[in-house]
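Student: Structure file structure22.cif (mmCIF, C-alpha atoms) right here:
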```cif
data_upload
loop_
_atom_site.label_atom_id
_atom_site.label_comp_id
_atom_site.auth_asym_id
_atom_site.auth_seq_id
_atom_site.Cartn_x
_atom_site.Cartn_y
_atom_site.Cartn_z
CA MET A 17 0.00 0.00 0.00
CA GLU A 18 3.06 2.20 0.03
CA ALA A 19 2.63 3.00 -3.65
CA GLU A 20 -0.46 5.05 -2.98
CA PRO A 21 1.09 8.07 -1.31
CA GLU A 22 3.83 8.03 -3.99
CA ASP A 23 1.18 8.00 -6.67
CA ALA A 24 -0.63 10.85 -5.01
CA GLN A 25 2.62 12.74 -4.78
CA ARG A 26 3.33 12.18 -8.49
CA LEU A 27 -0.15 13.34 -9.45
CA ALA A 28 0.16 16.41 -7.30
CA THR A 29 3.52 17.30 -8.87
CA GLU A 30 2.12 16.80 -12.32
CA ALA A 31 -0.92 18.92 -11.58
CA ARG A 32 1.30 21.67 -10.25
CA ASP A 33 3.54 21.54 -13.35
CA ARG A 34 0.54 21.64 -15.64
CA VAL A 35 -1.04 24.62 -13.87
CA ARG A 36 2.29 26.42 -14.06
CA PHE A 37 2.55 25.61 -17.77
CA GLU A 38 -0.98 26.86 -18.47
CA GLU A 39 -0.39 30.08 -16.61
CA GLU A 40 2.85 30.74 -18.43
CA ALA A 41 1.19 30.00 -21.79
CA LEU A 42 -1.77 32.29 -21.04
CA ALA A 43 0.59 35.08 -19.99
CA LEU A 44 2.06 34.92 -23.51
CA SER A 45 -1.30 34.94 -25.29
CA GLU A 46 -1.25 38.67 -26.08
CA GLN A 47 2.14 38.32 -27.78
CA VAL A 48 1.03 35.17 -29.60
CA TYR A 49 -2.10 36.95 -30.80
CA ARG A 50 -0.16 39.93 -32.17
CA VAL A 51 1.78 37.61 -34.45
CA ALA A 52 -1.17 35.35 -35.30
CA ARG A 53 -3.27 38.34 -36.29
CA HIS A 54 -1.12 38.94 -39.38
CA LEU A 55 -0.44 35.35 -40.29
CA VAL A 56 -4.08 35.32 -41.40
CA GLY A 57 -6.29 37.87 -43.08
CA SER A 58 -8.81 38.82 -40.40
CA ARG A 59 -9.36 39.16 -36.66
CA GLU A 60 -11.94 36.36 -36.77
CA GLU A 61 -9.49 33.94 -38.34
CA ALA A 62 -6.82 34.96 -35.86
CA ASP A 63 -9.18 34.39 -32.89
CA ASP A 64 -10.05 30.98 -34.22
CA LEU A 65 -6.43 30.03 -34.88
CA VAL A 66 -5.22 31.16 -31.45
CA GLN A 67 -8.01 29.22 -29.74
CA GLU A 68 -7.18 26.03 -31.60
CA ALA A 69 -3.48 26.48 -30.89
CA TYR A 70 -4.10 26.94 -27.16
CA ALA A 71 -6.45 23.98 -27.01
CA ARG A 72 -3.76 21.84 -28.65
CA ALA A 73 -1.00 23.30 -26.46
CA PHE A 74 -2.94 22.56 -23.27
CA ARG A 75 -3.53 18.97 -24.41
CA SER A 76 0.11 18.37 -25.33
CA TRP A 77 1.73 20.33 -22.54
CA ARG A 78 4.00 17.39 -21.67
CA SER A 79 5.88 17.80 -24.95
CA TYR A 80 7.02 21.30 -23.95
CA GLN A 81 10.52 21.26 -22.47
CA PRO A 82 10.66 23.63 -19.50
CA GLY A 83 13.31 26.30 -19.88
CA THR A 84 13.02 26.49 -23.68
CA ASN A 85 11.34 29.32 -25.58
CA MET A 86 7.61 28.81 -24.90
CA ARG A 87 6.52 31.62 -27.18
CA ALA A 88 8.32 29.93 -30.10
CA TRP A 89 6.82 26.58 -29.08
CA LEU A 90 3.30 28.04 -29.11
CA LEU A 91 3.88 29.76 -32.45
CA ARG A 92 5.14 26.51 -33.92
CA ILE A 93 1.88 24.79 -32.95
CA LEU A 94 -0.07 27.71 -34.34
CA THR A 95 1.74 27.87 -37.69
CA ASN A 96 1.40 24.09 -38.09
CA ILE A 97 -2.36 24.37 -37.62
CA ASN A 98 -2.45 27.23 -40.08
CA ILE A 99 -0.53 25.18 -42.65
CA ASP A 100 -2.67 22.08 -41.98
CA ARG A 101 -5.71 24.12 -42.84
CA GLY A 102 -4.49 23.90 -46.39
CA ARG A 103 -3.75 27.48 -47.06
CA ARG A 104 -0.47 26.54 -48.73
CA GLN A 105 -2.12 26.00 -52.07
CA GLN A 106 -1.30 29.52 -53.12
CA ARG A 107 1.52 29.48 -55.65
CA THR A 108 4.68 31.46 -55.16
CA PRO A 109 4.36 34.43 -57.50
CA GLN A 110 6.95 35.37 -60.05
CA MET A 111 9.33 38.16 -59.06
CA GLN A 112 7.78 41.44 -60.10
CA PRO A 113 9.97 44.21 -61.48
CA LEU A 114 8.82 46.53 -58.69
CA GLU A 115 10.33 44.22 -56.08
CA ALA A 116 13.74 44.60 -57.60
CA ASN A 117 14.75 47.61 -55.55
CA ASP A 118 14.87 48.08 -51.79
CA TYR A 119 14.51 51.82 -52.16
CA TYR A 120 11.45 51.82 -54.39
CA LEU A 121 8.94 52.88 -51.76
CA TYR A 122 11.09 55.69 -50.42
CA ASP A 123 11.85 56.97 -53.90
CA ARG A 124 8.15 57.03 -54.78
CA LEU A 125 7.05 58.71 -51.56
CA ALA A 126 9.90 61.20 -51.42
CA ALA A 127 9.40 62.14 -55.07
CA GLU A 128 5.92 63.42 -54.20
CA ASP A 129 7.46 65.95 -51.89
CA GLY A 130 9.22 67.51 -54.82
CA ASP A 131 12.04 69.24 -53.01
CA GLY A 132 13.78 66.00 -52.06
CA VAL A 133 14.55 67.23 -48.55
CA SER A 134 11.59 65.71 -46.74
CA ASP A 135 11.99 64.24 -43.30
CA GLU A 136 12.03 60.42 -43.50
CA GLN A 137 9.74 60.02 -40.52
CA ARG A 138 7.15 62.29 -42.12
CA VAL A 139 7.38 60.42 -45.40
CA VAL A 140 6.62 57.16 -43.61
CA GLU A 141 3.68 58.67 -41.78
CA ARG A 142 1.98 59.43 -45.06
CA LEU A 143 0.97 55.75 -45.02
CA SER A 144 -2.16 54.97 -43.05
CA GLN A 145 -2.64 52.09 -40.61
CA ASP A 146 -5.12 50.60 -43.07
CA ASP A 147 -2.54 50.78 -45.86
CA ILE A 148 -0.15 48.78 -43.73
CA VAL A 149 -2.62 46.12 -42.58
CA THR A 150 -3.89 45.68 -46.14
CA ALA A 151 -0.38 45.55 -47.58
CA LEU A 152 0.68 42.93 -45.03
CA SER A 153 -2.28 40.73 -45.94
CA ALA A 154 -1.34 41.00 -49.63
CA VAL A 155 2.11 39.47 -49.08
CA PRO A 156 2.01 35.78 -50.15
CA HIS A 157 1.91 33.37 -47.19
CA ASP A 158 5.41 31.92 -47.38
CA PHE A 159 6.95 35.38 -47.27
CA ARG A 160 4.43 36.80 -44.84
CA ASP A 161 5.02 34.06 -42.25
CA VAL A 162 8.69 34.97 -42.03
CA LEU A 163 8.09 38.71 -42.20
CA VAL A 164 5.50 38.57 -39.41
CA LEU A 165 7.59 36.34 -37.13
CA VAL A 166 10.76 38.42 -37.49
CA ASP A 167 9.52 41.98 -37.99
CA LEU A 168 6.39 41.93 -35.84
CA GLY A 169 7.13 39.06 -33.47
CA ASP A 170 10.80 39.86 -32.88
CA PHE A 171 11.87 36.28 -33.43
CA SER A 172 15.46 35.68 -34.50
CA TYR A 173 16.18 34.11 -37.90
CA ALA A 174 17.00 30.86 -36.05
CA ASP A 175 13.71 30.86 -34.09
CA ALA A 176 11.70 31.61 -37.24
CA ALA A 177 13.51 28.74 -39.01
CA GLN A 178 12.60 26.38 -36.19
CA ILE A 179 8.98 27.52 -35.98
CA LEU A 180 8.45 27.13 -39.73
CA ASP A 181 10.72 24.09 -40.07
CA ILE A 182 12.75 25.64 -42.88
CA PRO A 183 16.50 26.39 -43.18
CA VAL A 184 17.85 29.70 -41.85
CA GLY A 185 19.00 30.62 -45.38
CA THR A 186 15.40 30.30 -46.56
CA VAL A 187 14.24 32.53 -43.71
CA MET A 188 16.72 35.19 -44.81
CA SER A 189 15.81 35.07 -48.49
CA ARG A 190 12.05 35.01 -47.82
CA LEU A 191 12.39 37.84 -45.35
CA HIS A 192 14.26 40.01 -47.82
CA ARG A 193 11.80 39.32 -50.57
CA GLY A 194 8.79 39.63 -48.26
CA ARG A 195 9.92 43.08 -47.18
CA ARG A 196 10.25 44.13 -50.81
CA ILE A 197 6.79 42.82 -51.65
CA LEU A 198 5.40 44.69 -48.64
CA LYS A 199 7.03 47.90 -49.83
CA ARG A 200 5.71 47.39 -53.33
CA GLU A 201 2.19 46.98 -51.93
CA LEU A 202 2.63 50.10 -49.79
CA ALA A 203 3.90 52.07 -52.77
CA GLU A 204 0.84 51.03 -54.77
CA ALA A 205 -1.47 52.05 -51.92
CA ALA A 206 0.28 55.41 -51.57
CA LEU A 207 0.10 56.08 -55.30
CA GLU A 208 -3.60 55.27 -55.41
CA GLU A 209 -4.24 57.78 -52.67
CA ALA A 210 -2.07 60.50 -54.21
CA PRO A 211 -4.12 63.50 -55.40
CA MET B 22 34.26 47.53 -58.68
CA MET B 23 30.62 47.66 -57.63
CA ASP B 24 28.90 51.02 -57.32
CA PRO B 25 29.26 51.87 -53.58
CA CYS B 26 25.59 52.91 -53.27
CA ALA B 27 24.41 49.64 -54.84
CA HIS B 28 26.65 47.76 -52.41
CA CYS B 29 25.28 49.85 -49.56
CA GLU B 30 21.73 48.94 -50.62
CA GLU B 31 22.66 45.27 -50.44
CA MET B 32 23.91 45.74 -46.90
CA MET B 33 20.87 47.66 -45.68
CA GLN B 34 18.66 44.75 -44.56
CA PRO B 35 21.46 42.82 -42.79
CA TYR B 36 22.69 46.10 -41.27
CA LEU B 37 19.29 46.90 -39.77
CA ASP B 38 18.90 43.28 -38.65
CA HIS B 39 22.27 43.55 -36.86
CA VAL B 40 23.73 40.54 -38.64
CA LEU B 41 26.67 42.16 -40.46
CA THR B 42 30.18 41.20 -39.43
CA ASP B 43 32.22 43.91 -37.67
CA GLU B 44 34.19 44.47 -40.85
CA GLU B 45 31.06 44.87 -43.00
CA MET B 46 29.57 47.18 -40.39
CA VAL B 47 32.60 49.47 -40.53
CA GLU B 48 32.41 49.46 -44.31
CA ALA B 49 28.68 50.30 -44.34
CA GLU B 50 29.09 53.07 -41.78
CA ALA B 51 32.01 54.60 -43.66
CA HIS B 52 29.84 54.89 -46.75
CA LEU B 53 26.82 56.16 -44.81
CA ALA B 54 28.98 58.85 -43.20
CA GLU B 55 29.81 60.34 -46.57
CA CYS B 56 26.66 59.61 -48.60
CA GLU B 57 23.52 61.50 -47.70
CA LYS B 58 21.42 59.69 -50.27
CA CYS B 59 22.09 56.28 -48.68
CA ARG B 60 21.80 57.72 -45.18
CA ARG B 61 18.32 59.02 -45.90
CA ARG B 62 17.25 55.68 -47.35
CA TYR B 63 18.53 53.79 -44.33
CA ARG B 64 16.72 56.19 -42.02
CA PHE B 65 13.54 55.74 -44.03
CA GLU B 66 13.77 51.95 -43.82
CA GLU B 67 14.33 52.12 -40.09
CA SER B 68 11.34 54.45 -39.59
CA LEU B 69 9.24 52.24 -41.82
CA ARG B 70 9.96 49.16 -39.73
CA VAL B 71 8.99 50.93 -36.52
CA TYR B 72 5.88 52.36 -38.16
CA VAL B 73 4.75 49.02 -39.64
CA ARG B 74 5.12 47.37 -36.26
CA LYS B 75 3.09 50.11 -34.60
CA ALA B 76 0.38 50.09 -37.26
CA ALA B 77 0.10 46.29 -37.21
CA ASP B 78 -0.21 46.09 -33.45
CA GLU B 79 -3.69 44.85 -32.64
CA GLN B 80 -4.65 43.62 -29.21
CA MET B 81 -6.70 40.54 -28.60
CA SER B 82 -10.30 40.97 -27.48
CA ASP B 83 -11.38 40.38 -23.89
CA GLU B 84 -13.72 37.76 -25.25
CA LEU B 85 -10.83 35.76 -26.68
CA ARG B 86 -8.90 36.14 -23.44
CA VAL B 87 -11.81 34.59 -21.53
CA LYS B 88 -12.18 31.80 -24.08
CA LEU B 89 -8.49 30.90 -23.83
CA ALA B 90 -8.67 30.73 -20.04
CA SER B 91 -11.70 28.44 -20.33
CA LEU B 92 -9.66 25.99 -22.43
CA ARG B 93 -7.54 25.07 -19.42
CA ILE B 94 -7.88 21.45 -18.42
CA PRO B 95 -9.71 21.26 -15.08
CA LEU B 96 -7.91 19.69 -12.15
CA GLU B 97 -9.36 16.31 -11.22
#
```
As structure tokens - that is how I would like this structure written.
Tutor:
Amino acid sequence: MEAEPEDAQRLATEARDRVRFEEEALALSEQVYRVARHLVGSREEADDLVQEAYARAFRSWRSYQPGTNMRAWLLRILTNINIDRGRRQQRTPQMQPLEANDYYLYDRLAAEDGDGVSDEQRVVERLSQDDIVTALSAVPHDFRDVLVLVDLGDFSYADAAQILDIPVGTVMSRLHRGRRILKRELAEAALEEAP
Amino acid sequence: MMDPCAHCEEMMQPYLDHVLTDEEMVEAEAHLAECEKCRRRYRFEESLRVYVRKAADEQMSDELRVKLASLRIPLE
């Protein structure tokens, strides 16, 4: 009958570890949401995705290794669900001429000022929040995933590679190209709004 | 030899991501110190990144927060 108190002890330890895990995961939910929001096109989709990711995370909490990056672990679950939902069918687009230059957006926006001595901050602020959210959602998924994880989620190249299960070199090339596509979309939005 | 401004453009993303080697960093900064055109473009890119992050920042709803808490597995 000695096994019983040991069993009880084990269960109590496990319950304590699980509660601790759940609390830590919930404390990260705001940060997870901020990234998830732009991995998909709408708030509704993001809500749904985050809920499914947390439900899965709570069920498989034992596979999380304490002391490792929990935010990356949660995002990995979330991006896997997003990919499983079959949204990968979108084809990678051909390189557009407008993506060819890192300075394209600045050149277009600054040119509208005419005198060429505009303040960079002010030039940026000519873009609206809507322009940015819309432009982000127009970036093809493969590029957007990396862009959102690194530029909005502050993940390192190595973390993004692990979350998406792709090589670091691929993270770097997709990031570079994703940023160019974003700037092309922003330039188009800005030009449409120009008087 | 490559046009120094074209080379500087190539280094802009890794520069702002802080992944250049010390040697490349010195090289990029030497060019930026003497080239206003590149300096302005770097500043623009930096401002743009901050601005995009700010504009894209959306908080989760209270409703979602409550739903996530309700997903916790009850203690037996």
Student: Can you check which residues of chain A have any atom within 6 Å of chain B? Use only C-alpha atoms and format it as an MDAnalysis selection string.
Tutor: chainID A and resid 71 136:137 140 145 168
Student: What does the distance between atom CA of Gly194 of chain A and atom CA of Ala154 of chain A come to in Å, to one decimal place?
Tutor: 10.3 Å
Student: Need the shell around Val56 of chain A: protein/DNA/RNA residues with any atom at most 8 Å away, counting only C-alpha atoms. Skip same-chain ones fewer than 5 positions apart. Format as a list in words?
Tutor: Glu61, Ala62 and Ser153 of chain A
Student: I'd like to see the residues matched by the PyMOL selection byres ((chain A and resi 198) around 9) on this file, and ideally I'd get them as a ChimeraX atom specification.
Tutor: /A:115,148,151-152,154-155,160,193-197,199-203
Student: Check what the PyMOL selection byres ((chain A and resi 189) around 12) selects in the file above and give those residues as a PyMOL selection string.
Tutor: (chain A and resi 158-159+162-163+173+177+182-188+190-196) or (chain B and resi 34-35)
Student: Check what the PyMOL selection byres ((chain A and resi 76) around 12) selects in the file above and give those residues as JSON, numbers by chain.
Tutor: {"A": [34, 37, 38, 69, 70, 71, 72, 73, 74, 75, 77, 78, 79, 80, 81, 89, 90, 93], "B": [93, 94]}
Student: Could you list, as JSON, numbers by chain, every residue within 8 Å of Pro25 of chain B, counting only C-alpha atoms and ignoring same-chain residues fewer than 3 positions away?
Tutor: {"B": [28, 29, 52]}
Student: Mind pulling up the distance from atom CA of Ala174 of chain A to atom CA of Arg92 of chain A?
Tutor: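 Rounded to one decimal, the two atoms are 12.8 Å apart.
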Student: One decimal, in Å: what's the spacing between atom CA of His157 of chain A and atom CA of Asn85 of chain A?
Tutor: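 Between atom CA of His157 of chain A and atom CA of Asn85 of chain A the gap is 23.9 Å.
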Student: Where atoms are absent from segment 87-98 of chain A, fill them in so it carries all heavy atoms, then output it as a compact mmCIF listing (two decimals), keeping the file's coordinate frame.
Tutor:
```
# COMPACT_ATOMS: atom_id res chain seq x y z
N ARG A 87 7.22 30.83 -26.15
CA ARG A 87 6.52 31.62 -27.18
C ARG A 87 6.76 31.01 -28.57
O ARG A 87 5.85 30.88 -29.38
CB ARG A 87 7.02 33.07 -27.14
CG ARG A 87 6.14 34.05 -27.89
CD ARG A 87 6.54 35.48 -27.59
NE ARG A 87 7.83 35.83 -28.12
CZ ARG A 87 8.03 36.54 -29.24
NH1 ARG A 87 7.00 36.98 -29.93
NH2 ARG A 87 9.24 36.80 -29.66
N ALA A 88 8.01 30.58 -28.82
CA ALA A 88 8.32 29.93 -30.10
C ALA A 88 7.60 28.58 -30.21
O ALA A 88 7.09 28.22 -31.27
CB ALA A 88 9.83 29.73 -30.24
N TRP A 89 7.51 27.87 -29.08
CA TRP A 89 6.82 26.58 -29.08
C TRP A 89 5.34 26.76 -29.43
O TRP A 89 4.77 26.04 -30.23
CB TRP A 89 6.99 25.95 -27.69
CG TRP A 89 6.44 24.56 -27.53
CD1 TRP A 89 7.05 23.39 -27.89
CD2 TRP A 89 5.19 24.19 -26.93
NE1 TRP A 89 6.25 22.33 -27.56
CE2 TRP A 89 5.11 22.79 -26.97
CE3 TRP A 89 4.14 24.92 -26.38
CZ2 TRP A 89 4.01 22.09 -26.47
CZ3 TRP A 89 3.04 24.23 -25.87
CH2 TRP A 89 2.98 22.83 -25.92
N LEU A 90 4.72 27.77 -28.83
CA LEU A 90 3.30 28.04 -29.11
C LEU A 90 3.10 28.46 -30.57
O LEU A 90 2.16 28.02 -31.23
CB LEU A 90 2.78 29.15 -28.18
CG LEU A 90 2.64 28.77 -26.70
CD1 LEU A 90 2.46 30.03 -25.83
CD2 LEU A 90 1.44 27.82 -26.50
N LEU A 91 4.00 29.29 -31.06
CA LEU A 91 3.88 29.76 -32.45
C LEU A 91 4.10 28.62 -33.43
O LEU A 91 3.54 28.62 -34.53
CB LEU A 91 4.87 30.91 -32.72
CG LEU A 91 4.31 32.32 -32.80
CD1 LEU A 91 3.05 32.40 -33.64
CD2 LEU A 91 4.02 32.90 -31.45
N ARG A 92 4.92 27.65 -33.03
CA ARG A 92 5.14 26.51 -33.92
C ARG A 92 3.84 25.71 -34.05
O ARG A 92 3.45 25.30 -35.13
CB ARG A 92 6.28 25.65 -33.38
CG ARG A 92 6.39 24.35 -34.07
CD ARG A 92 7.80 24.01 -34.45
NE ARG A 92 7.76 23.01 -35.50
CZ ARG A 92 8.76 22.25 -35.84
NH1 ARG A 92 9.91 22.41 -35.25
NH2 ARG A 92 8.64 21.37 -36.80
N ILE A 93 3.17 25.50 -32.92
CA ILE A 93 1.88 24.79 -32.95
C ILE A 93 0.91 25.56 -33.83
O ILE A 93 0.24 25.02 -34.70
CB ILE A 93 1.31 24.64 -31.52
CG1 ILE A 93 2.19 23.70 -30.69
CG2 ILE A 93 -0.14 24.16 -31.54
CD1 ILE A 93 1.77 23.57 -29.24
N LEU A 94 0.88 26.86 -33.62
CA LEU A 94 -0.07 27.71 -34.34
C LEU A 94 0.19 27.72 -35.85
O LEU A 94 -0.73 27.58 -36.65
CB LEU A 94 0.01 29.12 -33.75
CG LEU A 94 -1.05 30.11 -34.20
CD1 LEU A 94 -1.51 30.95 -33.01
CD2 LEU A 94 -0.53 31.04 -35.27
N THR A 95 1.45 27.84 -36.25
CA THR A 95 1.74 27.87 -37.69
C THR A 95 1.48 26.50 -38.31
O THR A 95 1.01 26.42 -39.45
CB THR A 95 3.18 28.32 -38.01
OG1 THR A 95 4.10 27.53 -37.28
CG2 THR A 95 3.42 29.77 -37.70
N ASN A 96 1.72 25.43 -37.56
CA ASN A 96 1.40 24.09 -38.09
C ASN A 96 -0.10 23.95 -38.35
O ASN A 96 -0.50 23.40 -39.38
CB ASN A 96 1.85 22.99 -37.11
CG ASN A 96 3.34 22.72 -37.24
OD1 ASN A 96 3.95 23.04 -38.25
ND2 ASN A 96 3.92 22.13 -36.21
N ILE A 97 -0.90 24.45 -37.43
CA ILE A 97 -2.36 24.37 -37.62
C ILE A 97 -2.74 25.19 -38.87
O ILE A 97 -3.50 24.75 -39.72
CB ILE A 97 -3.12 24.91 -36.39
CG1 ILE A 97 -2.88 24.01 -35.19
CG2 ILE A 97 -4.61 25.03 -36.68
CD1 ILE A 97 -3.36 24.58 -33.86
N ASN A 98 -2.14 26.35 -38.96
CA ASN A 98 -2.45 27.23 -40.08
C ASN A 98 -2.09 26.56 -41.41
O ASN A 98 -2.84 26.65 -42.39
CB ASN A 98 -1.66 28.55 -39.91
CG ASN A 98 -2.22 29.67 -40.72
OD1 ASN A 98 -3.42 29.67 -41.06
ND2 ASN A 98 -1.38 30.62 -41.06
```
